Every structure is written in structure tokens, then in C-alpha cells.
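Working notes, beginning with the structure itself.
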Amino acid sequence: MADTFTVHLKIWRQDGPDQPGKLVDYTLDKVNEHMSFLEMLDVLNEEIVAEGKEEPIEFDYDCREGICGSCNLVINGQAHGPKDMTCTCQLHMRNFSDGDTIVIEPFRAKAFPVIKDLVVDRSAFDRIIEAGGYVSVKTGSAPDANSIPIDKTVADTAFDYATCIGCGACVAACPNSSASLFTGAKLAHLNRLPQGEPERKKRTVSMVDQMEEEGFGDCSNYAECEAVCPKGISISAIAEMRRNYVKATLAGTEA
Amino acid sequence: MPSFSEALKSQVGRKVLTGVTGVGLIIFIIFHLATNLQVFGDVHAFNEAAHALESMGWLLYVLEAGLAIAFLLHAYVGISIWWNRRKARPEGYEKYQSKGGPSHMSWASKSMIFTGIVLLVFLVIHIDTFKFGATDMVMLPGGEEARDLKGLMISTFQQPLYAFGYTAVMILLGFHLGHGFWSAFTSLTMKHNKYSALMYTVGVIFAMLMAVGFLFIPLYIYFGGGCEAALIQCQ
Ligand code: HEM
Ligand code: SF4
Ligand code: FES
């Protein structure tokens, strides 16, 4: 067994939506460098449960392998913590040292209300997807694979944007709480493919309108979202979203 | 589909507006600096340039109106973006830190609202000092009478408050443009992975050139002793 070390944690505790919360201090001395950040919290929760004085800390996760987009902590002021292109669940305790103080807060945005402790409601993203993040398909017998030729570079770029896991770190890190990177990634994925072409304009306008409706802020091109995105989505997606929006509306072409 | 005016009010439309007005203001300050640098030209060069502008008649009014609209729209949208962000995150972080890398978080980008509002206040003082300031009249070589703006400029910048106040504001303009130049292109949808870093660097160099170009004049006049300064020819 590797040596264990101690970390001091300041964790946001909040009983429920719209209730006051605060940072609570914990010290955990059984940390091992191979633990993931979430496993470290599991160990802390075991201690809390064993002690029986307070409820365990609620935090979100599902796959724990960096693909589902559920985990969502702001660690020492950075969404998903200090490591580039890494989700909270893939962050290991070897990125911290003995005696470190680690502040853990939920993703903060009006559109992501806190449910409890570190868990926030990200259904605003679902509604942005519902507004246009789909393509129409002909139902009936299964279509031939590869019946629509797509240039390799186009397919690759679409795939790069499709790797967005909808975690919301871009919103959490944005000083304006803008959802432009998430929305831009979805649009850049679907709008460039022939399957997405028929609804391109309608999709762009509906999804842009929906993100404003949900209460996300404007984009000021800080590019902090790109820095925290676990999938390294480029803010070029945002420029592309604007281009499609302008073509659909201001440039006056028909939908 | 939203109408043209609805589209302009959307999040994308607002950014296009900041970008378009921002680029408009950039073009304006390039011309403005080129004109200002004429003080180092021949005795009458600066007054002639200013007089040529004033003799444009209705065209000048159109340009001035366009400029005023650009400034007001730009400030209005910029302030409203800043206002929205406060609503979009009612409860802030106890600890917040940029992750660096591709991020463009910097003092310049975080202070756009501050540098912008300083520029707005400056603009009022600036127009009052020069556009509406009292001047002597001079005879230009062409035989026309014109306002002696060069004289006004020299006497203004011999006062330390103006010389150093203008210098400070021009440094802030440099910061505004340091983020603004690149940001405007990105807002206007011109962002290409391959050229983005280059564009950002070009923007920072442009911002420094503008700031140094503008602040050189008051400092040179102040430290050079006005008409005593080597590069300035007075009558
Ligand atoms: C000479 C004067 C000015 C120039 C050349 C200038 C230029 C620019 C440029 C190029 C941008 C980037 C646009 C974009 O992000 O799309 C910008 C952004 C901005 N400007 Fe100015 N500006 C000037 C004056 C002002 C004034 C008077 C204000 C008043 C409040 C202001 C407030 C802002 C703000 C808040 C932003 C950031 C917008 C955002 O968050 O996205 N600027 N400016
Ligand atoms: S763009 Fe990146 S940070 Fe934003 S939701 Fe998608 S994966 Fe998460
Ligand atoms: S838990 Fe699924 S991505 Fe982290």
C-alpha cells in the first residue's frame, strides 16, 4: 500500500434548494495517491456515516470513467479541478499533496440551481437539446449504412464536437455563466453533417434562444470554457454558432 | 424565425453589435491617431487636417452621428452584458481561479467594463476640451481662417493633470483593445483554430501601438516644454 496523506477540505454544504449553504471544514487523513477525487469523497462519506452526526455529502456521478458528464465539482476554484482535459471522476489524488487545503463547491449559475450540497440541476441543458439538438430521420426499414457520403475531415470535426458530454463545466467556469460552448458544440456537431442540414437554421435559432431563456449569460470571449472543458472543445464552436445564427436571421435568408 | 430586430437583441445579436461597433471604433481611432500625429509635421499640418475635417460640411455631421451611435450602442450593449452576468450567477464562488492554457482570462478581459466606462467618461471631457474648447484663430497658408487647435493641444498638455490623465486613459485604452481586438473578430464569427493565437498577438501589438501612439503626444509636449520641443514647430 502506498503511503497515505492528509488533506483539509472545505466543502459546500446546503440542505436543499433555496436554502443558505456554507463551506464546512473536514480533515481526511487516509488519502492515497491512487484514489480518484470521488473515491476520496466516498472515504470521507464513510467516516461521516460511521460517526452518524450528519448526513453524508451529496455529489453527482455515474460512469466514473469520464464519459457520462455527471460529475461536476469546482475544485479550488477550477471546474473539474487542476488537470487539463480531465473530469472530476478522472482526477486522481496524486495531483494533490500532503497538507493541501482543497475547496469544493458546486457548479454555480442561476440556470443550474443547487439541489443539495454539491448536486445541481442541469436540466436546462436538456431543454436546450430539446429545442433543436436532434435530426429528423425517415422511419421504416433501416437505411443503408454509408448511403450518405461524408468527407472524412467533416466527419472527424463533427465527431470532435460530438465528444461534448454535457457536463456544464463551461458554464461553471464562465464569468458570465454562458452556455455558449455547450450549445456551440452541439450545433457544430449537427450543423455540419448532411443529416443535420435540413434543420440547420431552425436548430441554431431555437437552441440559441433557449439558452437565453434558461438564464445563461452572454459570451464575452474569455475562452475560460475551453480551458476547463474535459473534452477540449474549442471556442471555434461558438464562432460557428454565431455564423449560422447570422446566416439564419440577420443575413435575411429564408429558413 | 425571429425578425431582424429580435435577432439583434439575442445573445448572438448582442455580440455581433459589440463586435461591429468595436471594429467601427477601432477604425475611427486609427484615423484619429493618424490626424493627431500631424502635430509633428510642418507648422500648419495639424490645423490644416483639422480644418479639412471641419470643412466637410454635412458629411462630417453624418460621420459624427455615426460615431456617436456606435459609441452609445457599444457602451449600452457592453453594460447590459455586464448587467446580465450578475443575474446569471446570483451566488458567486468562494474561490475562483483561471485554468490558463487556451483561456484568455486576463486583467484586460476581466476589466472591459471598467476600462470601457473610463473611456466613456474620458470621451465627455475630451470632447468638451477640444471640440468645444476656446481657441485663437490662425491664418492657414491657403488663406483660410481656422481654429488653432494645435495651440490648444500644446497649452492643454503643458498642464500636468491633462498630460498624465490622458496618458493613464490611453494605457487603459490599450488594455481595452488588448482583449477587444481579438474578441471583436471572434464575435464577428471570424475565429479559426489555426490563426487564433496569431490574431490574439496581432491584437495585443495593435493595442500597444495605439496606446503608445496616443500617449506619446501629451507626454512629449509636457516634457519637451511645448513649442520648445524639438519635433514641434510653432509659429
Ligand atoms: C475608443 C473607444 C473604444 C474602442 C475602440 C472599443 C473597442 C472594443 C472592442 C473591439 C471590443 C470587442 C468587441 C467584442 O467583444 O465583440 C470591445 C468590447 C467591450 N467594450 Fe469597448 N471600445 C471602446 C469604448 C468603450 C466604451 C465607451 C465602453 C463603455 C462602457 C466600452 C465597453 C466595452 C465592453 C463592456 C466590452 C466587452 C463586451 C463583452 O463583454 O463581450 N467600450 N470594445
Ligand atoms: S463543452 Fe465541454 S465543458 Fe461544456 S458541457 Fe460539453 S464537455 Fe462539458
Ligand atoms: S462520472 Fe461520468 S464523466 Fe465523471
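Following the order of the C-alpha cells, first chain is A, next is B, and so on, with residues numbered from 1 inside each chain and ligands from 1 in the order they appear.
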
Q: Check every residue of chain B for an atom within 7 Å of chain A, counting only C-alpha atoms, and provide those that qualify as a PyMOL selection string.
A: chain B and resi 1-2+4+7+11-12+81+84-85+88-92+95-105+109+183+186-187+189-193

For the interface of chain B with ligand 1 (cut-off 9 Å, counting only C-alpha atoms and all ligand atoms), please tabulate each contacting residue of chain B alongside its nearest pair of atoms and their separation in Å to one decimal, rows sorted by chain and increasing number, as a tab-separated table.
```
residue	atom	partner	partner_atom_place_in_ligand_line	distance
B:Arg14	CA	ligand 1	41 (O)	8.4
B:Lys15	CA	ligand 1	16 (O)	5.3
B:Val16	CA	ligand 1	16 (O)	6.4
B:Leu17	CA	ligand 1	16 (O)	7.2
B:Thr18	CA	ligand 1	16 (O)	4.5
B:Gly19	CA	ligand 1	16 (O)	3.4
B:Val20	CA	ligand 1	16 (O)	7.2
B:Thr21	CA	ligand 1	8 (C)	7.4
B:Gly22	CA	ligand 1	10 (C)	3.7
B:Val23	CA	ligand 1	10 (C)	5.3
B:Gly24	CA	ligand 1	5 (C)	7.6
B:Leu25	CA	ligand 1	5 (C)	4.4
B:Ile26	CA	ligand 1	5 (C)	4.4
B:Ile27	CA	ligand 1	5 (C)	7.9
B:Phe28	CA	ligand 1	5 (C)	7.7
B:Ile29	CA	ligand 1	1 (C)	6.3
B:Phe71	CA	ligand 1	27 (C)	6.0
B:Leu72	CA	ligand 1	27 (C)	7.5
B:His74	CA	ligand 1	31 (C)	6.0
B:Ala75	CA	ligand 1	29 (C)	3.7
B:Tyr76	CA	ligand 1	30 (C)	6.8
B:Val77	CA	ligand 1	38 (C)	7.3
B:Gly78	CA	ligand 1	35 (C)	3.6
B:Ile79	CA	ligand 1	35 (C)	5.5
B:Ser80	CA	ligand 1	35 (C)	8.2
B:Ile81	CA	ligand 1	40 (O)	5.8
B:Trp82	CA	ligand 1	40 (O)	6.4
B:Ser109	CA	ligand 1	37 (C)	7.7
B:Lys110	CA	ligand 1	40 (O)	8.6
B:Ser111	CA	ligand 1	35 (C)	8.0
B:Met112	CA	ligand 1	35 (C)	4.8
B:Ile113	CA	ligand 1	35 (C)	3.9
B:Phe114	CA	ligand 1	30 (C)	7.3
B:Thr115	CA	ligand 1	31 (C)	7.0
B:Gly116	CA	ligand 1	28 (C)	3.4
B:Ile117	CA	ligand 1	30 (C)	4.2
B:Val118	CA	ligand 1	27 (C)	7.2
B:Leu119	CA	ligand 1	27 (C)	4.8
B:Leu120	CA	ligand 1	27 (C)	3.9
B:Val121	CA	ligand 1	27 (C)	7.6
B:Phe122	CA	ligand 1	27 (C)	8.5
B:Leu123	CA	ligand 1	27 (C)	7.5
B:Leu173	CA	ligand 1	1 (C)	6.8
B:His176	CA	ligand 1	43 (N)	6.2
B:Leu177	CA	ligand 1	7 (C)	5.8
B:Gly178	CA	ligand 1	10 (C)	8.7
B:His179	CA	ligand 1	12 (C)	6.9
B:Gly180	CA	ligand 1	12 (C)	3.5
B:Phe181	CA	ligand 1	10 (C)	4.6
B:Trp182	CA	ligand 1	12 (C)	7.2
B:Ser183	CA	ligand 1	15 (O)	4.2
B:Ala184	CA	ligand 1	16 (O)	3.6
B:Phe185	CA	ligand 1	16 (O)	6.9
B:Thr186	CA	ligand 1	16 (O)	6.8
B:Ser187	CA	ligand 1	16 (O)	4.5
B:Leu188	CA	ligand 1	16 (O)	6.9
```

Go through the chains and note each residue within 7 Å of ligand 3, using only C-alpha atoms and all ligand atoms, then give the set as a CSV table (one decimal) with N, CA and C atoms, in the first residue's frame.
```csv
chain,number,residue,atom,x,y,z
A,61,TYR,N,-22.4,11.7,-9.8
A,61,TYR,CA,-21.5,10.9,-10.6
A,61,TYR,C,-22.4,9.8,-11.2
A,62,ASP,N,-21.8,9.2,-12.3
A,62,ASP,CA,-22.5,8.0,-12.8
A,62,ASP,C,-21.4,7.0,-13.3
A,63,CYS,N,-20.8,7.3,-14.5
A,63,CYS,CA,-19.9,6.3,-15.1
A,63,CYS,C,-18.5,6.2,-14.3
A,64,ARG,N,-18.1,7.3,-13.8
A,64,ARG,CA,-16.7,7.4,-13.2
A,64,ARG,C,-15.6,7.0,-14.2
A,65,GLU,N,-15.9,7.2,-15.4
A,65,GLU,CA,-14.9,6.9,-16.4
A,65,GLU,C,-14.8,8.0,-17.5
A,66,GLY,N,-15.3,9.2,-17.1
A,66,GLY,CA,-15.1,10.4,-17.9
A,66,GLY,C,-16.0,10.4,-19.2
A,67,ILE,N,-17.1,9.7,-19.2
A,67,ILE,CA,-17.9,9.7,-20.5
A,67,ILE,C,-19.3,10.2,-20.3
A,68,CYS,N,-19.8,10.2,-19.1
A,68,CYS,CA,-21.2,10.5,-18.9
A,68,CYS,C,-21.6,12.0,-18.7
A,69,GLY,N,-20.6,12.7,-18.1
A,69,GLY,CA,-20.9,14.1,-17.9
A,69,GLY,C,-21.6,14.4,-16.6
A,70,SER,N,-21.7,13.4,-15.7
A,70,SER,CA,-22.4,13.6,-14.4
A,70,SER,C,-21.6,14.3,-13.3
A,71,CYS,N,-20.3,14.0,-13.2
A,71,CYS,CA,-19.5,14.6,-12.2
A,71,CYS,C,-19.3,16.0,-12.4
A,87,CYS,N,-12.1,15.0,-16.3
A,87,CYS,CA,-13.3,15.2,-15.5
A,87,CYS,C,-12.9,15.0,-14.0
A,88,THR,N,-13.8,15.5,-13.1
A,88,THR,CA,-13.6,15.3,-11.7
A,88,THR,C,-13.4,13.8,-11.4
A,89,CYS,N,-14.2,12.9,-12.0
A,89,CYS,CA,-14.1,11.5,-11.7
A,89,CYS,C,-12.7,10.9,-12.2
A,90,GLN,N,-12.1,11.5,-13.1
A,90,GLN,CA,-10.8,11.0,-13.6
A,90,GLN,C,-9.6,11.7,-13.0
```

Q) Within 6 Å of ligand 2, counting only C-alpha atoms and all ligand atoms, which protein or nucleic acid residues do you find, written as number ranges by chain? A) A: 164-170, 181-182, 229-231, 233

Q: For Val138 in chain B, list every protein, DNA or RNA residue within 7 Å, evaluated using only C-alpha atoms, and leave out those in the same chain fewer than 2 positions away; present the list as a ChimeraX atom specification.
A: /B:136,140,145-148

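Minimum atom-to-atom distances from B:Leu37, B:Ala108, B:Leu8, B:Ala45 to Leu73 in chain B were compared using only C-alpha atoms, and the lowest value belongs to B:Leu8.
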
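Between CA of Phe214 in chain B and CA of Lys150 in chain B the interatomic distance comes to 15.0 Å.
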
Q: Run DSSP on the backbone of this structure and report the residues of range 40-254 of chain A it assigns to strand (DSSP E), as number ranges by chain.
A: A: 73-75, 78-79, 101-106, 114-116, 119-120

Next, the residues of the selection above should be written as a compact mmCIF listing (two decimals), in the first residue's frame with N, CA, C and O atoms.
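Output saved as out21.txt:
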```txt
# COMPACT_ATOMS: atom_id res chain seq x y z
N LEU A 73 -17.64 19.02 -10.04
CA LEU A 73 -17.23 19.81 -8.88
C LEU A 73 -16.32 20.96 -9.31
O LEU A 73 -15.57 20.84 -10.28
N VAL A 74 -16.43 22.05 -8.56
CA VAL A 74 -15.45 23.12 -8.73
C VAL A 74 -14.43 22.94 -7.61
O VAL A 74 -14.76 23.02 -6.43
N ILE A 75 -13.22 22.61 -8.01
CA ILE A 75 -12.17 22.23 -7.06
C ILE A 75 -11.11 23.33 -7.03
O ILE A 75 -10.52 23.64 -8.06
N GLN A 78 -11.54 25.81 -9.76
CA GLN A 78 -11.49 25.40 -11.16
C GLN A 78 -12.49 24.28 -11.40
O GLN A 78 -12.49 23.29 -10.67
N ALA A 79 -13.32 24.42 -12.43
CA ALA A 79 -14.29 23.39 -12.75
C ALA A 79 -13.54 22.11 -13.12
O ALA A 79 -12.64 22.14 -13.97
N THR A 101 -5.04 22.28 1.29
CA THR A 101 -6.42 22.65 1.58
C THR A 101 -7.16 22.68 0.24
O THR A 101 -6.70 23.31 -0.71
N ILE A 102 -8.26 21.95 0.16
CA ILE A 102 -9.00 21.86 -1.10
C ILE A 102 -10.42 22.38 -0.90
O ILE A 102 -11.16 21.87 -0.06
N VAL A 103 -10.76 23.41 -1.66
CA VAL A 103 -12.11 23.98 -1.57
C VAL A 103 -12.97 23.30 -2.62
O VAL A 103 -12.60 23.24 -3.79
N ILE A 104 -14.13 22.77 -2.22
CA ILE A 104 -15.01 22.08 -3.16
C ILE A 104 -16.38 22.75 -3.17
O ILE A 104 -17.06 22.83 -2.15
N GLU A 105 -16.76 23.26 -4.35
CA GLU A 105 -18.04 23.96 -4.47
C GLU A 105 -18.83 23.39 -5.64
O GLU A 105 -18.27 22.77 -6.54
N PRO A 106 -20.14 23.60 -5.62
CA PRO A 106 -20.95 23.15 -6.77
C PRO A 106 -20.75 24.07 -7.96
O PRO A 106 -20.26 25.19 -7.82
N VAL A 114 -28.85 24.73 -7.13
CA VAL A 114 -28.36 23.66 -6.25
C VAL A 114 -29.55 22.85 -5.75
O VAL A 114 -30.58 23.40 -5.35
N ILE A 115 -29.42 21.52 -5.81
CA ILE A 115 -30.45 20.64 -5.26
C ILE A 115 -30.08 20.31 -3.81
O ILE A 115 -30.87 20.44 -2.90
N LYS A 116 -28.85 19.89 -3.63
CA LYS A 116 -28.37 19.60 -2.27
C LYS A 116 -26.85 19.55 -2.33
O LYS A 116 -26.28 19.00 -3.28
N VAL A 119 -24.74 18.91 -5.53
CA VAL A 119 -25.54 18.45 -6.67
C VAL A 119 -26.36 19.61 -7.22
O VAL A 119 -27.06 20.28 -6.47
N VAL A 120 -26.25 19.85 -8.53
CA VAL A 120 -27.04 20.91 -9.14
C VAL A 120 -27.94 20.32 -10.23
O VAL A 120 -27.68 19.26 -10.78
```

Q. Any idea what the distance is between CA of Met139 in chain B and CA of Glu54 in chain B?
A.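 One can read the CA of Met139 in chain B to CA of Glu54 in chain B distance as 15.1 Å.
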
Q: Find the residues near Val212 in chain B: any atom within 10 Å, counting only C-alpha atoms, skip ones fewer than 4 places away on the same chain, and give them as a PyMOL selection string.
A: chain B and resi 167+170-171+174+206-208+216-217

Q: Figure out the distance between CA of Leu118 in chain A and CA of Leu38 in chain A, please, to one decimal in Å.
A: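 Answer for the CA of Leu38 in chain A to CA of Leu118 in chain A separation: 12.0 Å.
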
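Of the residues listed (B:Phe175, B:Leu161, B:Tyr195, B:Lys131), B:Phe175 shows the shortest atom-to-atom separation from Ser106 in chain B; distances use only C-alpha atoms.
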
Q | Contacts of Ala168 in chain B within 10 Å, only C-alpha atoms, excl. fewer than 6 positions in-chain, as an NGL selection string | A | :B and (162 or 174 or 211 or 215)

Q: Enumerate, as a VMD selection string, the complete set of residues in range 27-234 of chain B that a backbone-based DSSP assignment places in alpha helix (DSSP H).
A: chain B and resid 27 to 36 45 to 54 58 to 88 107 to 110 112 to 126 149 to 157 160 to 187 196 to 224

Q. Could you name the residues that touch Ala229 in chain B at 12 Å or less, counting only C-alpha atoms, but leaving out those on the same chain fewer than 4 positions away, as a PyMOL selection string?
A. chain B and resi 39-40+154+158+217-225+233-234

Selection above as a file: C-alpha atoms, as a compact mmCIF listing (two decimals), in the first residue's frame:
```
# COMPACT_ATOMS: atom_id res chain seq x y z
CA VAL B 39 1.37 67.85 -34.81
CA PHE B 40 4.86 66.63 -35.53
CA ILE B 154 0.02 72.34 -26.69
CA GLN B 158 1.53 71.57 -20.66
CA ILE B 217 1.81 63.22 -27.78
CA PRO B 218 0.81 64.56 -24.33
CA LEU B 219 3.99 63.26 -22.71
CA TYR B 220 6.22 64.68 -25.43
CA ILE B 221 4.55 68.08 -25.23
CA TYR B 222 4.74 68.09 -21.43
CA PHE B 223 8.35 67.02 -21.08
CA GLY B 224 9.53 68.78 -24.23
CA GLY B 225 8.14 72.10 -23.00
CA GLN B 233 7.21 73.54 -34.99
CA CYS B 234 5.26 76.53 -33.75
```
